[in-house]
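Structure first, commentary second.
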Amino acid sequence: IPEHLLVLGSSADAFVLSDGESYAARNGVESVTSLVGNELSGYFRLRLRGHTTESIPFNSSVDEMKARLEELPNIGQVDVQMSGPSKEMAYVWMITFLSNPGYFPPSARDVDSLETLNELSTSVESDASASIIVDTIRNGDDRLQGQFQVTYDDGHTLETTRPLQSFISAEDLKLELEALPNVGQVTIARSKSLVGYEWDIEFTSCALKNSFEV
């Protein structure tokens, strides 16, 4: 330690003050007061298209944040990831909207930005820096639309359906496939997935010519 930083003299001592503690010198004139550390506390709420969550603690867990959001009638399922705290007890939550009522596929369509109702505070009364920032990392996908075609190769001929709607029913897809000259009879089941529709096609007979299987 450099000599000029040493504390010398009778009864010389060094001490640390924190969180607003004060010390008055023996002469009764000089005094020093430490600065109070600034920490975040309180609650906030989130709003989506007029629907508002219950109060969320500033240090909300992943499970609690997920539960508060999924309680809203216009939110389906979300995934929440969390990081923090910072030295000021600030946290970051990354929220992914996996499904929303009325949207298909469930992951489609951009969700409006969340609005915030700030009820946060800091340990320093004169400080007004407690804030909530909402940022969009990735926009949602567009709704399902467009057309597709199905091609069947029986080893001898290659036949293709006309353009089909992306939401075609199992019954209509069955008619389109059985209209191909190299396809006989099929059974089809349609189901929904996170990205659209899926069709399970089972070939139950060979192609038909003059009502006979060939």
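By convention in this document, the chains of the structure tokens carry letters A, B, ... by their order, each chain's residues are numbered from 1, and ligands are numbered from 1 in the order they are shown.
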Non-local contacts of Glu115 of chain A (9 Å; only C-alpha atoms; under 4 positions in same chain excluded) as a ChimeraX atom specification
/A:45-49,52,134
Once DSSP has gone over the backbone, tell me which residues of segment 30-165 of chain A are in alpha helix (DSSP H), as a PyMOL selection string.
chain A and resi 62-70
Who sits within 12 Å of segment 90-92 of chain A, only C-alpha atoms, same chain under 4 positions skipped, as a PyMOL selection string
chain A and resi 38-42+57-62+65+80-86+120-122+129-135
Just C-alpha atoms for this one: save the residues we selected as an mmCIF file, in the first residue's frame.
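File produced: out13.cif:
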```cif
data_model
loop_
_atom_site.group_PDB
_atom_site.id
_atom_site.type_symbol
_atom_site.label_atom_id
_atom_site.label_comp_id
_atom_site.auth_asym_id
_atom_site.auth_seq_id
_atom_site.Cartn_x
_atom_site.Cartn_y
_atom_site.Cartn_z
ATOM 1 C CA ASN A 38 -30.471 1.566 -5.200
ATOM 2 C CA GLU A 39 -32.510 -1.647 -5.453
ATOM 3 C CA LEU A 40 -35.705 -2.426 -7.333
ATOM 4 C CA SER A 41 -38.912 -3.650 -5.665
ATOM 5 C CA GLY A 42 -42.679 -3.595 -6.151
ATOM 6 C CA PRO A 57 -43.703 -9.172 -8.528
ATOM 7 C CA PHE A 58 -40.575 -7.449 -9.786
ATOM 8 C CA ASN A 59 -38.713 -10.743 -9.266
ATOM 9 C CA SER A 60 -41.453 -13.028 -10.581
ATOM 10 C CA SER A 61 -40.461 -16.624 -11.259
ATOM 11 C CA VAL A 62 -40.863 -18.217 -14.684
ATOM 12 C CA MET A 65 -45.083 -15.055 -15.109
ATOM 13 C CA VAL A 80 -41.108 -17.979 -20.526
ATOM 14 C CA GLN A 81 -37.341 -17.783 -20.062
ATOM 15 C CA MET A 82 -35.732 -15.599 -17.399
ATOM 16 C CA SER A 83 -32.339 -14.030 -16.679
ATOM 17 C CA GLY A 84 -31.036 -11.894 -13.828
ATOM 18 C CA PRO A 85 -30.879 -10.355 -11.394
ATOM 19 C CA SER A 86 -28.572 -7.452 -12.113
ATOM 20 C CA LEU A 120 -42.302 -0.549 -9.337
ATOM 21 C CA SER A 121 -40.211 1.464 -6.894
ATOM 22 C CA THR A 122 -36.584 1.831 -5.849
ATOM 23 C CA SER A 129 -35.663 5.230 -12.777
ATOM 24 C CA ALA A 130 -37.793 2.119 -12.066
ATOM 25 C CA SER A 131 -39.180 1.195 -15.478
ATOM 26 C CA ILE A 132 -40.356 -1.664 -17.680
ATOM 27 C CA ILE A 133 -39.208 -2.034 -21.280
ATOM 28 C CA VAL A 134 -41.035 -4.263 -23.785
ATOM 29 C CA ASP A 135 -39.181 -5.206 -26.953
#
```
Per-residue DSSP, segment 158-190 of chain A, filtered to strand (DSSP E or B), as a list in words
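DSSP on the backbone gives strand (DSSP E or B) at Leu158, Glu159, Thr160, Leu164, Gln165, Val186, Thr187, Ile188, Ala189 and Arg190 of chain A.
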Separating atom CA of Lys87 of chain A from atom CA of Asn118 of chain A, to the nearest tenth of an Å, is a gap of 20.3 Å
Quick one: distance from atom CA of Lys66 of chain A to atom CA of Pro105 of chain A in Å, one decimal?
21.0 Å
Atomic separation - atom CA of Asp200 of chain A relative to atom CA of Pro181 of chain A, Å:
20.5 Å
